[in-house]
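Taking it in order: structure first as structure tokens, then the write-up.
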Amino acid sequence: FRTAVNTLHERIRKFGIDSPEVIEWTHAQDIVFSNCSDRNHMPEPASPQTNALIKADRAYQIAAAQFYSGQFDEAEKGFRKISEDKTSPWRQISIYLIGRTLAHKAFAKSPCAPDKELLGKAAEHLERILTDIDLKSVHKASWEMLRFIRLKIEPVKAFKELTNTILNKPEADFFENVNEYNFLLHNRMSSITTDKTNIDNLTDWILTLSGNARNGPEHAVSKWEETSSVEWLTASLMGIKSEHPKKDKLVDVAMNIKPDNPAYLTARYHALRI
């Protein structure tokens, strides 16, 4: 919708608000959006005498309407044709939408059991986009779609990539990454934890705190002794009981944490609790 609004403003600036071009564009766009609720409404192809820019707009509007109405084969053909037109302002977004269309087509018949071959083709297409510097304008959208596909067909690989990004590039779409990490951890836990090499320090810590690790408190204490990290110290304090043989040592370290440490309140609370 944002793209449509921006395009409308651009066309008004170029042709004028009451121009035939803007009126025709707006009518076609209304038809496109009607497919979001009531499918199979298509704008008419532009006439031969139509302004070249409006013709390019119309080709994109028709492909978009086909996409929204679930006519994915036709939409893919439309976007591919636009992607070959170097004069079209919609060329780059159409290249991305080829991949998105393939992905949607993969889910069309069975959302719970998508066509993995089609998803693979979509992933390959999006990966090629990400290697093309000339398509930088659609890199972000392509990466997000590629990540979504990997969540479906390569959950373990996607999980590792998300963990690495969260730990090493927290400024990169942090909340989206954490949401996807949580989704995989809770919905694909068995496939992720089967191979212990998939369990990084962050995941190990979360599983321990959530009670999904064997011998959780003892594991936490062992990890603290191994790393001397405040993260595993707090996990140990949260899990052990007052009669634990290493309680005094843990409490002593906790009470010496400085107030500017993020773990200060948590560590002190649990040190006093036990």
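Ligands are numbered from 1 in the order shown, chains are lettered A, B, ... in the order of the structure tokens, and residues start at 1 in each chain.
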Next on the checklist: If DSSP is run on the backbone, what residues of range 6-183 of chain A are alpha helix (DSSP H)? A reply as a ChimeraX atom specification would be ideal.
Outcome noted: /A:6-15,20-34,52-68,72-83,91-108,116-130,139-153,155-168,174-183
Next on the checklist: Excluding Ile31 in chain A and its own-chain neighbours fewer than 4 positions away, which residues fall within 8 Å of it when counting only C-alpha atoms? Please give them as an MDAnalysis selection string.
Outcome noted: chainID A and resid 27 35 41:43 65
Output C-alpha atoms for every residue in that selection, as a compact mmCIF listing (two decimals), in the first residue's frame.
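Done, and the output landed in out_4.txt:
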```txt
# COMPACT_ATOMS: atom_id res chain seq x y z
CA HIS A 27 -8.92 3.18 -11.38
CA ASN A 35 -8.26 -8.73 -5.14
CA HIS A 41 -10.50 -8.71 -10.88
CA MET A 42 -7.98 -7.59 -13.49
CA PRO A 43 -7.19 -4.11 -14.81
CA ALA A 65 -3.48 -8.26 -9.36
```
Item to check | Close residues, Trp205 in chain A itself excluded, 8 Å, only C-alpha atoms, min 3 positions apart in chain, as number ranges by chain | outcome: A: 201-202, 208-209, 220, 231-232, 235
Item to check | Surrounding residues of His104 in chain A excluding itself and chain neighbours under 2 positions, 9 Å, only C-alpha atoms, as a ChimeraX atom specification | outcome: /A:67,70,72,99-102,106-108,119
Item to check | Contact residues around Ala28 in chain A with only C-alpha atoms at 8 Å, ignoring same-chain residues under 2 positions, as a ChimeraX atom specification | outcome: /A:24-26,30-32,43-44,58,61
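For Val221 in chain A, the residues within 10 Å (counting only C-alpha atoms, excluding itself and residues fewer than 4 positions away along the chain) are Gly216, Pro217, Glu225, Glu226, Thr227, Ser228, Trp232, Leu233, Thr234, Ala235, Ser236, Leu237, Gly239, Ile240, Lys246, Lys247 and Leu250 of chain A.
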Using the selection just defined, write its residues with C-alpha atoms as an mmCIF file, in the first residue's frame.
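Output contents, as saved in selection-v2.cif:
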```
data_model
loop_
_atom_site.group_PDB
_atom_site.id
_atom_site.type_symbol
_atom_site.label_atom_id
_atom_site.label_comp_id
_atom_site.auth_asym_id
_atom_site.auth_seq_id
_atom_site.Cartn_x
_atom_site.Cartn_y
_atom_site.Cartn_z
ATOM 1 C CA GLY A 216 19.660 -27.923 34.748
ATOM 2 C CA PRO A 217 21.058 -26.443 37.987
ATOM 3 C CA GLU A 225 32.937 -22.976 36.705
ATOM 4 C CA GLU A 226 34.052 -23.488 33.116
ATOM 5 C CA THR A 227 33.454 -19.907 31.916
ATOM 6 C CA SER A 228 33.281 -17.682 35.038
ATOM 7 C CA TRP A 232 25.966 -18.746 33.985
ATOM 8 C CA LEU A 233 26.367 -17.361 37.498
ATOM 9 C CA THR A 234 22.821 -15.988 37.429
ATOM 10 C CA ALA A 235 21.523 -19.224 35.885
ATOM 11 C CA SER A 236 23.198 -21.158 38.719
ATOM 12 C CA LEU A 237 21.758 -18.903 41.422
ATOM 13 C CA GLY A 239 18.430 -22.982 39.870
ATOM 14 C CA ILE A 240 20.202 -24.220 42.983
ATOM 15 C CA LYS A 246 28.673 -24.549 46.097
ATOM 16 C CA LYS A 247 26.073 -22.051 47.281
ATOM 17 C CA LEU A 250 28.254 -18.540 44.138
#
```
Checklist entry - Of the candidates A:Trp143, A:Trp90, A:Phe15, A:Phe159, which one gets nearest to Ala56 in chain A if we count only C-alpha atoms? => result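 Ranking A:Trp143, A:Trp90, A:Phe15, A:Phe159 by distance to Ala56 in chain A, first place goes to A:Trp90.
What separates CA of Ala263 in chain A from CA of Ala158 in chain A is a distance of 29.4 Å.
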Checklist entry - So, counting only C-alpha atoms, which residue among A:Val230, A:Leu167, A:Ile17, A:Val156 is closest to Thr194 in chain A? => result A:Val156
Checklist entry - Between CA of Asn261 in chain A and CA of Glu180 in chain A, what is the distance, to one decimal in Å? => result 27.9 Å
